[in-house]
>>> print(open('coords_23.txt').read())   # compact mmCIF, C-alpha atoms
# COMPACT_ATOMS: atom_id res chain seq x y z
CA MET A 35 -17.66 14.70 -7.14
CA SER A 36 -20.05 12.43 -5.23
CA ARG A 37 -19.16 9.06 -3.68
CA ASP A 38 -20.92 7.18 -6.45
CA GLU A 39 -19.19 9.24 -9.16
CA ILE A 40 -15.79 8.54 -7.56
CA ILE A 41 -16.53 4.83 -7.30
CA ASP A 42 -17.77 4.66 -10.90
CA ARG A 43 -14.63 6.42 -12.10
CA ILE A 44 -12.37 4.03 -10.17
CA ARG A 45 -14.24 0.95 -11.42
CA SER A 46 -14.23 2.09 -15.03
CA SER A 47 -10.54 3.15 -14.93
CA LEU A 48 -9.27 -0.07 -13.36
CA GLY A 49 -11.67 -2.29 -15.30
CA GLU A 50 -10.54 -5.90 -15.54
CA ARG A 51 -7.45 -5.18 -13.44
CA LEU A 52 -9.79 -4.93 -10.46
CA LEU A 53 -9.60 -8.39 -8.87
CA ASN A 54 -12.04 -7.75 -6.05
CA PHE A 55 -14.43 -4.95 -5.16
CA ARG A 56 -16.17 -4.62 -1.82
CA ARG A 57 -18.23 -1.82 -0.31
CA PRO A 58 -19.11 -2.93 3.23
CA LYS A 59 -20.36 0.53 4.22
CA GLU A 60 -21.49 3.59 2.32
CA ASN A 61 -18.23 5.38 3.07
CA ARG A 62 -15.76 2.45 2.80
CA LEU A 63 -14.44 0.85 -0.36
CA TYR A 64 -11.99 -2.08 -0.57
CA LEU A 65 -10.33 -2.90 -3.87
CA GLU A 66 -7.87 -5.66 -4.66
CA ILE A 67 -5.45 -5.37 -7.57
CA GLU A 68 -2.19 -6.97 -8.74
CA SER A 69 0.95 -5.31 -7.42
CA THR A 70 1.95 -4.17 -10.92
CA VAL A 71 -1.18 -1.98 -11.05
CA ILE A 72 -0.27 -0.09 -7.84
CA PRO A 73 1.39 2.90 -9.60
CA GLU A 74 -1.55 3.27 -11.99
CA SER A 75 -4.02 3.18 -9.10
CA ALA A 76 -1.96 5.80 -7.23
CA ARG A 77 -1.93 8.09 -10.26
CA LEU A 78 -5.67 7.66 -10.63
CA LEU A 79 -6.48 8.36 -6.99
CA TYR A 80 -3.84 10.99 -6.22
CA ASP A 81 -3.30 12.85 -9.49
CA GLU A 82 -6.63 12.52 -11.27
CA LEU A 83 -9.19 12.23 -8.48
CA GLN A 84 -7.27 14.29 -5.88
CA ALA A 85 -7.57 11.78 -3.04
CA ARG A 86 -5.50 12.34 0.08
CA PHE A 87 -3.00 9.58 0.88
CA GLN A 88 -3.56 8.57 4.51
CA THR A 89 -1.04 5.77 4.98
CA ALA A 90 -0.12 2.28 3.88
CA SER A 91 0.25 -0.86 5.96
CA GLY A 92 2.01 -4.16 5.45
CA VAL A 93 0.87 -7.47 6.88
CA ASP A 94 2.97 -10.62 7.12
CA ALA A 95 0.38 -13.24 6.25
CA PRO A 96 1.24 -16.95 6.42
CA ARG A 97 1.91 -17.38 2.68
CA GLU A 98 2.30 -13.84 1.34
CA MET A 99 2.72 -10.19 2.22
CA GLU A 100 -0.36 -8.02 2.04
CA ILE A 101 0.03 -4.30 1.40
CA LEU A 102 -2.88 -1.91 1.92
CA TYR A 103 -2.92 1.68 0.67
CA HIS A 104 -5.47 3.90 2.39
CA TRP A 105 -6.84 6.96 0.55
CA CYS A 106 -9.42 9.50 1.61
CA PHE A 107 -11.84 11.68 -0.32
CA ASP A 108 -12.56 14.21 2.41
CA ALA A 109 -15.37 16.14 0.70
CA ALA A 110 -17.20 12.93 -0.24
CA GLN A 111 -16.44 11.32 3.14
CA LEU A 112 -15.13 8.20 1.39
CA ILE A 113 -12.19 6.01 2.37
CA VAL A 114 -10.73 3.78 -0.32
CA THR A 115 -8.34 0.95 0.52
CA ILE A 116 -6.32 -0.60 -2.27
CA CYS A 117 -5.02 -4.06 -1.40
CA THR A 118 -2.36 -6.12 -3.13
CA HIS A 119 -0.33 -9.23 -2.33
CA VAL A 120 3.28 -10.12 -3.03
CA ASP A 121 5.33 -13.26 -2.60
CA ARG A 122 6.49 -13.66 1.01
CA ASP A 123 9.91 -14.99 -0.02
CA GLN A 124 10.57 -12.18 -2.51
CA PRO A 125 8.28 -9.32 -1.50
CA GLU A 126 8.68 -6.64 -4.12
CA LEU A 127 6.39 -4.10 -5.72
CA PRO A 128 6.68 -0.71 -7.40
CA SER A 129 7.08 2.35 -5.20
CA ILE A 130 4.48 5.11 -5.34
CA ALA A 131 6.79 7.65 -3.65
CA GLY A 132 7.51 9.29 -7.03
CA ILE A 133 3.77 9.77 -7.56
CA CYS A 134 2.79 10.62 -4.00
CA PRO A 135 5.75 11.89 -1.92
CA ALA A 136 3.89 11.23 1.34
CA ALA A 137 4.36 7.49 0.72
CA GLU A 138 8.15 7.69 0.96
CA TRP A 139 8.52 7.17 4.72
CA ILE A 140 5.89 4.45 5.12
CA GLU A 141 7.49 2.48 2.28
CA ARG A 142 10.83 2.83 4.07
CA GLU A 143 9.22 1.54 7.27
CA MET A 144 7.72 -1.50 5.51
CA TRP A 145 11.07 -2.17 3.82
CA GLU A 146 13.06 -2.20 7.04
CA LEU A 147 10.48 -3.81 9.35
CA LEU A 148 8.92 -6.36 6.97
CA GLY A 149 11.51 -6.71 4.19
CA ILE A 150 9.19 -5.49 1.42
CA SER A 151 11.27 -3.97 -1.37
CA PHE A 152 9.82 -1.01 -3.26
CA THR A 153 11.40 -0.77 -6.70
CA GLY A 154 12.05 2.76 -7.84
CA HIS A 155 11.98 4.16 -4.30
CA PRO A 156 14.24 7.24 -4.13
CA ASP A 157 15.81 6.52 -0.72
CA LEU A 158 15.47 3.03 0.79
CA ARG A 159 17.56 3.33 3.93
CA HIS A 160 16.91 2.78 7.60
CA LEU A 161 14.41 5.12 9.21
CA LEU A 162 13.61 3.42 12.53
CA LEU A 163 16.27 0.76 13.03
CA GLN A 164 19.99 1.26 13.59
CA ASP A 165 22.09 1.61 10.45
CA ASP A 166 24.02 -1.54 11.40
CA TRP A 167 20.84 -3.64 11.77
CA PRO A 168 21.55 -7.13 10.35
CA ASP A 169 20.47 -7.72 6.74
CA GLY A 170 17.60 -10.16 6.37
CA LYS A 171 16.26 -9.58 9.90
CA TYR A 172 12.81 -8.00 9.89
CA PRO A 173 11.33 -7.40 13.36
CA LEU A 174 7.66 -7.37 12.27
CA ARG A 175 7.83 -10.71 10.46
CA ARG A 176 6.24 -13.78 11.98
CA ASP A 177 9.51 -15.72 11.90
CA TYR A 178 11.63 -13.01 13.52
CA THR A 179 13.63 -14.10 16.55
CA LYS A 180 16.08 -12.11 18.64
CA GLU A 181 19.57 -13.47 18.58
>>> encode(input="coords_23.txt", output="structure tokens")
Amino acid sequence: MSRDEIIDRIRSSLGERLLNFRRPKENRLYLEIESTVIPESARLLYDELQARFQTASGVDAPREMEILYHWCFDAAQLIVTICTHVDRDQPELPSIAGICPAAEWIEREMWELLGISFTGHPDLRHLLLQDDWPDGKYPLRRDYTKE
């Protein structure tokens, strides 16, 4: 499948749920969707279009949390980033670990370091921090202070 065919398939599948679409370079695509559409987008990219999950990243923005899922279509040399935002005070979105097992650890990292809860995650427990790390303390948040 060519780059343009992949992009057309993504656009037609997500339709009106696609809040923003940007293609700054031939091989880069940035899409913004609501957090509730994340599992559907993962099924589309991973199951249907056979994209490779690269990683995900969380950003503590001033008023919200931004989560970016990075996917790669190796043969087409295309990188697709799916972006969503959640409330900073109650950051929660559906897990994609059940769809794409490679997402399990990075979701755990974002949960423990940024406080983003992934509903439906099979194993939200500490991965990097000590098991007795204080609840509600997230070391990658802007307001984090050592005690």
>>> closest_residue(input="coords_23.txt", among="A:Met99, A:Cys134, A:Val71, A:Leu162", to="Glu50 in chain A", atoms="all atoms listed in the file")
A:Val71
>>> atom_distance(input="coords_23.txt", atom1="CA of Glu66 in chain A", atom2="CA of Ile116 in chain A")
5.8 Å
>>> residues_around(input="coords_23.txt", residues="range 85-91 of chain A", least_positions_apart="6", cutoff="10 Å", atoms="all atoms listed in the file", output="tab-separated table (two decimals) with C-alpha atoms, in the coordinates of the input")
chain	number	residue	atom	x	y	z
A	40	ILE	CA	-15.79	8.54	-7.56
A	76	ALA	CA	-1.96	5.80	-7.23
A	77	ARG	CA	-1.93	8.09	-10.26
A	78	LEU	CA	-5.67	7.66	-10.63
A	79	LEU	CA	-6.48	8.36	-6.99
A	100	GLU	CA	-0.36	-8.02	2.04
A	101	ILE	CA	0.03	-4.30	1.40
A	102	LEU	CA	-2.88	-1.91	1.92
A	103	TYR	CA	-2.92	1.68	0.67
A	104	HIS	CA	-5.47	3.90	2.39
A	105	TRP	CA	-6.84	6.96	0.55
A	106	CYS	CA	-9.42	9.50	1.61
A	107	PHE	CA	-11.84	11.68	-0.32
A	108	ASP	CA	-12.56	14.21	2.41
A	109	ALA	CA	-15.37	16.14	0.70
A	112	LEU	CA	-15.13	8.20	1.39
A	113	ILE	CA	-12.19	6.01	2.37
A	114	VAL	CA	-10.73	3.78	-0.32
A	115	THR	CA	-8.34	0.95	0.52
A	116	ILE	CA	-6.32	-0.60	-2.27
A	117	CYS	CA	-5.02	-4.06	-1.40
A	134	CYS	CA	2.79	10.62	-4.00
A	135	PRO	CA	5.75	11.89	-1.92
A	136	ALA	CA	3.89	11.23	1.34
A	137	ALA	CA	4.36	7.49	0.72
A	139	TRP	CA	8.52	7.17	4.72
A	140	ILE	CA	5.89	4.45	5.12
A	141	GLU	CA	7.49	2.48	2.28
A	143	GLU	CA	9.22	1.54	7.27
A	144	MET	CA	7.72	-1.50	5.51
>>> atom_distance(input="coords_23.txt", atom1="CA of Pro173 in chain A", atom2="CA of Leu161 in chain A")
13.5 Å
>>> atom_distance(input="coords_23.txt", atom1="CA of Ile67 in chain A", atom2="CA of Arg142 in chain A")
21.6 Å
>>> residues_around(input="coords_23.txt", residues="Leu147 in chain A", least_positions_apart="2", cutoff="12 Å", atoms="only C-alpha atoms", output="CSV table (one decimal) with C-alpha atoms, in the frame of the given file")
chain,number,residue,atom,x,y,z
A,91,SER,CA,0.2,-0.9,6.0
A,92,GLY,CA,2.0,-4.2,5.4
A,93,VAL,CA,0.9,-7.5,6.9
A,94,ASP,CA,3.0,-10.6,7.1
A,140,ILE,CA,5.9,4.4,5.1
A,141,GLU,CA,7.5,2.5,2.3
A,142,ARG,CA,10.8,2.8,4.1
A,143,GLU,CA,9.2,1.5,7.3
A,144,MET,CA,7.7,-1.5,5.5
A,145,TRP,CA,11.1,-2.2,3.8
A,149,GLY,CA,11.5,-6.7,4.2
A,150,ILE,CA,9.2,-5.5,1.4
A,151,SER,CA,11.3,-4.0,-1.4
A,159,ARG,CA,17.6,3.3,3.9
A,160,HIS,CA,16.9,2.8,7.6
A,161,LEU,CA,14.4,5.1,9.2
A,162,LEU,CA,13.6,3.4,12.5
A,163,LEU,CA,16.3,0.8,13.0
A,164,GLN,CA,20.0,1.3,13.6
A,167,TRP,CA,20.8,-3.6,11.8
A,168,PRO,CA,21.6,-7.1,10.4
A,169,ASP,CA,20.5,-7.7,6.7
A,170,GLY,CA,17.6,-10.2,6.4
A,171,LYS,CA,16.3,-9.6,9.9
A,172,TYR,CA,12.8,-8.0,9.9
A,173,PRO,CA,11.3,-7.4,13.4
A,174,LEU,CA,7.7,-7.4,12.3
A,175,ARG,CA,7.8,-10.7,10.5
A,176,ARG,CA,6.2,-13.8,12.0
A,178,TYR,CA,11.6,-13.0,13.5
>>> residues_around(input="coords_23.txt", residues="Leu52 in chain A", least_positions_apart="5", cutoff="12 Å", atoms="all atoms listed in the file", output="MDAnalysis selection string")
chainID A and resid 44:47 64:72 74:75 116:118
>>> build_atoms(input="coords_23.txt", residues="range 61-88 of chain A", atoms="N, CA and C atoms", output="PDB file, in the frame of the given file")
ATOM      1  N   ASN A  61     -19.428   4.545   3.175  1.00  0.00           N
ATOM      2  CA  ASN A  61     -18.230   5.380   3.070  1.00  0.00           C
ATOM      3  C   ASN A  61     -16.916   4.604   3.041  1.00  0.00           C
ATOM      4  N   ARG A  62     -16.976   3.285   2.847  1.00  0.00           N
ATOM      5  CA  ARG A  62     -15.760   2.450   2.800  1.00  0.00           C
ATOM      6  C   ARG A  62     -15.745   1.617   1.533  1.00  0.00           C
ATOM      7  N   LEU A  63     -14.605   1.613   0.875  1.00  0.00           N
ATOM      8  CA  LEU A  63     -14.440   0.850  -0.360  1.00  0.00           C
ATOM      9  C   LEU A  63     -13.128   0.076  -0.283  1.00  0.00           C
ATOM     10  N   TYR A  64     -13.180  -1.224  -0.551  1.00  0.00           N
ATOM     11  CA  TYR A  64     -11.990  -2.080  -0.570  1.00  0.00           C
ATOM     12  C   TYR A  64     -11.821  -2.644  -1.963  1.00  0.00           C
ATOM     13  N   LEU A  65     -10.635  -2.425  -2.530  1.00  0.00           N
ATOM     14  CA  LEU A  65     -10.330  -2.900  -3.870  1.00  0.00           C
ATOM     15  C   LEU A  65      -9.072  -3.751  -3.828  1.00  0.00           C
ATOM     16  N   GLU A  66      -9.067  -4.836  -4.563  1.00  0.00           N
ATOM     17  CA  GLU A  66      -7.870  -5.660  -4.660  1.00  0.00           C
ATOM     18  C   GLU A  66      -7.385  -5.637  -6.101  1.00  0.00           C
ATOM     19  N   ILE A  67      -6.070  -5.416  -6.258  1.00  0.00           N
ATOM     20  CA  ILE A  67      -5.450  -5.370  -7.570  1.00  0.00           C
ATOM     21  C   ILE A  67      -4.101  -6.088  -7.515  1.00  0.00           C
ATOM     22  N   GLU A  68      -3.541  -6.407  -8.670  1.00  0.00           N
ATOM     23  CA  GLU A  68      -2.190  -6.970  -8.740  1.00  0.00           C
ATOM     24  C   GLU A  68      -1.189  -5.881  -8.384  1.00  0.00           C
ATOM     25  N   SER A  69      -0.048  -6.285  -7.858  1.00  0.00           N
ATOM     26  CA  SER A  69       0.950  -5.310  -7.420  1.00  0.00           C
ATOM     27  C   SER A  69       1.459  -4.432  -8.564  1.00  0.00           C
ATOM     28  N   THR A  70       1.472  -4.953  -9.784  1.00  0.00           N
ATOM     29  CA  THR A  70       1.950  -4.170 -10.920  1.00  0.00           C
ATOM     30  C   THR A  70       1.032  -2.989 -11.255  1.00  0.00           C
ATOM     31  N   VAL A  71      -0.194  -3.030 -10.767  1.00  0.00           N
ATOM     32  CA  VAL A  71      -1.180  -1.980 -11.050  1.00  0.00           C
ATOM     33  C   VAL A  71      -1.140  -0.874  -9.978  1.00  0.00           C
ATOM     34  N   ILE A  72      -0.340  -1.063  -8.936  1.00  0.00           N
ATOM     35  CA  ILE A  72      -0.270  -0.090  -7.840  1.00  0.00           C
ATOM     36  C   ILE A  72       0.075   1.328  -8.336  1.00  0.00           C
ATOM     37  N   PRO A  73       1.110   1.519  -9.160  1.00  0.00           N
ATOM     38  CA  PRO A  73       1.390   2.900  -9.600  1.00  0.00           C
ATOM     39  C   PRO A  73       0.226   3.518 -10.380  1.00  0.00           C
ATOM     40  N   GLU A  74      -0.412   2.754 -11.235  1.00  0.00           N
ATOM     41  CA  GLU A  74      -1.550   3.270 -11.990  1.00  0.00           C
ATOM     42  C   GLU A  74      -2.698   3.671 -11.067  1.00  0.00           C
ATOM     43  N   SER A  75      -2.941   2.850 -10.045  1.00  0.00           N
ATOM     44  CA  SER A  75      -4.020   3.180  -9.100  1.00  0.00           C
ATOM     45  C   SER A  75      -3.660   4.434  -8.301  1.00  0.00           C
ATOM     46  N   ALA A  76      -2.390   4.594  -7.964  1.00  0.00           N
ATOM     47  CA  ALA A  76      -1.960   5.800  -7.230  1.00  0.00           C
ATOM     48  C   ALA A  76      -2.117   7.048  -8.094  1.00  0.00           C
ATOM     49  N   ARG A  77      -1.743   6.943  -9.367  1.00  0.00           N
ATOM     50  CA  ARG A  77      -1.930   8.090 -10.260  1.00  0.00           C
ATOM     51  C   ARG A  77      -3.405   8.452 -10.399  1.00  0.00           C
ATOM     52  N   LEU A  78      -4.241   7.435 -10.516  1.00  0.00           N
ATOM     53  CA  LEU A  78      -5.670   7.660 -10.630  1.00  0.00           C
ATOM     54  C   LEU A  78      -6.215   8.372  -9.389  1.00  0.00           C
ATOM     55  N   LEU A  79      -5.927   7.808  -8.222  1.00  0.00           N
ATOM     56  CA  LEU A  79      -6.480   8.360  -6.990  1.00  0.00           C
ATOM     57  C   LEU A  79      -5.855   9.703  -6.616  1.00  0.00           C
ATOM     58  N   TYR A  80      -4.542   9.793  -6.686  1.00  0.00           N
ATOM     59  CA  TYR A  80      -3.840  10.990  -6.220  1.00  0.00           C
ATOM     60  C   TYR A  80      -3.857  12.111  -7.249  1.00  0.00           C
ATOM     61  N   ASP A  81      -3.414  11.806  -8.469  1.00  0.00           N
ATOM     62  CA  ASP A  81      -3.300  12.850  -9.490  1.00  0.00           C
ATOM     63  C   ASP A  81      -4.644  13.233 -10.107  1.00  0.00           C
ATOM     64  N   GLU A  82      -5.397  12.229 -10.535  1.00  0.00           N
ATOM     65  CA  GLU A  82      -6.630  12.520 -11.270  1.00  0.00           C
ATOM     66  C   GLU A  82      -7.816  12.854 -10.365  1.00  0.00           C
ATOM     67  N   LEU A  83      -8.008  12.048  -9.322  1.00  0.00           N
ATOM     68  CA  LEU A  83      -9.190  12.230  -8.480  1.00  0.00           C
ATOM     69  C   LEU A  83      -8.925  13.052  -7.221  1.00  0.00           C
ATOM     70  N   GLN A  84      -7.663  13.414  -6.992  1.00  0.00           N
ATOM     71  CA  GLN A  84      -7.270  14.290  -5.880  1.00  0.00           C
ATOM     72  C   GLN A  84      -7.570  13.715  -4.496  1.00  0.00           C
ATOM     73  N   ALA A  85      -7.417  12.398  -4.352  1.00  0.00           N
ATOM     74  CA  ALA A  85      -7.570  11.780  -3.040  1.00  0.00           C
ATOM     75  C   ALA A  85      -6.373  12.133  -2.168  1.00  0.00           C
ATOM     76  N   ARG A  86      -6.574  12.098  -0.884  1.00  0.00           N
ATOM     77  CA  ARG A  86      -5.500  12.340   0.080  1.00  0.00           C
ATOM     78  C   ARG A  86      -4.959  10.989   0.524  1.00  0.00           C
ATOM     79  N   PHE A  87      -3.640  10.808   0.412  1.00  0.00           N
ATOM     80  CA  PHE A  87      -3.000   9.580   0.880  1.00  0.00           C
ATOM     81  C   PHE A  87      -2.956   9.620   2.401  1.00  0.00           C
ATOM     82  N   GLN A  88      -3.570   8.620   3.051  1.00  0.00           N
ATOM     83  CA  GLN A  88      -3.560   8.570   4.510  1.00  0.00           C
ATOM     84  C   GLN A  88      -2.331   7.830   5.014  1.00  0.00           C
TER      85      GLN A  88
END
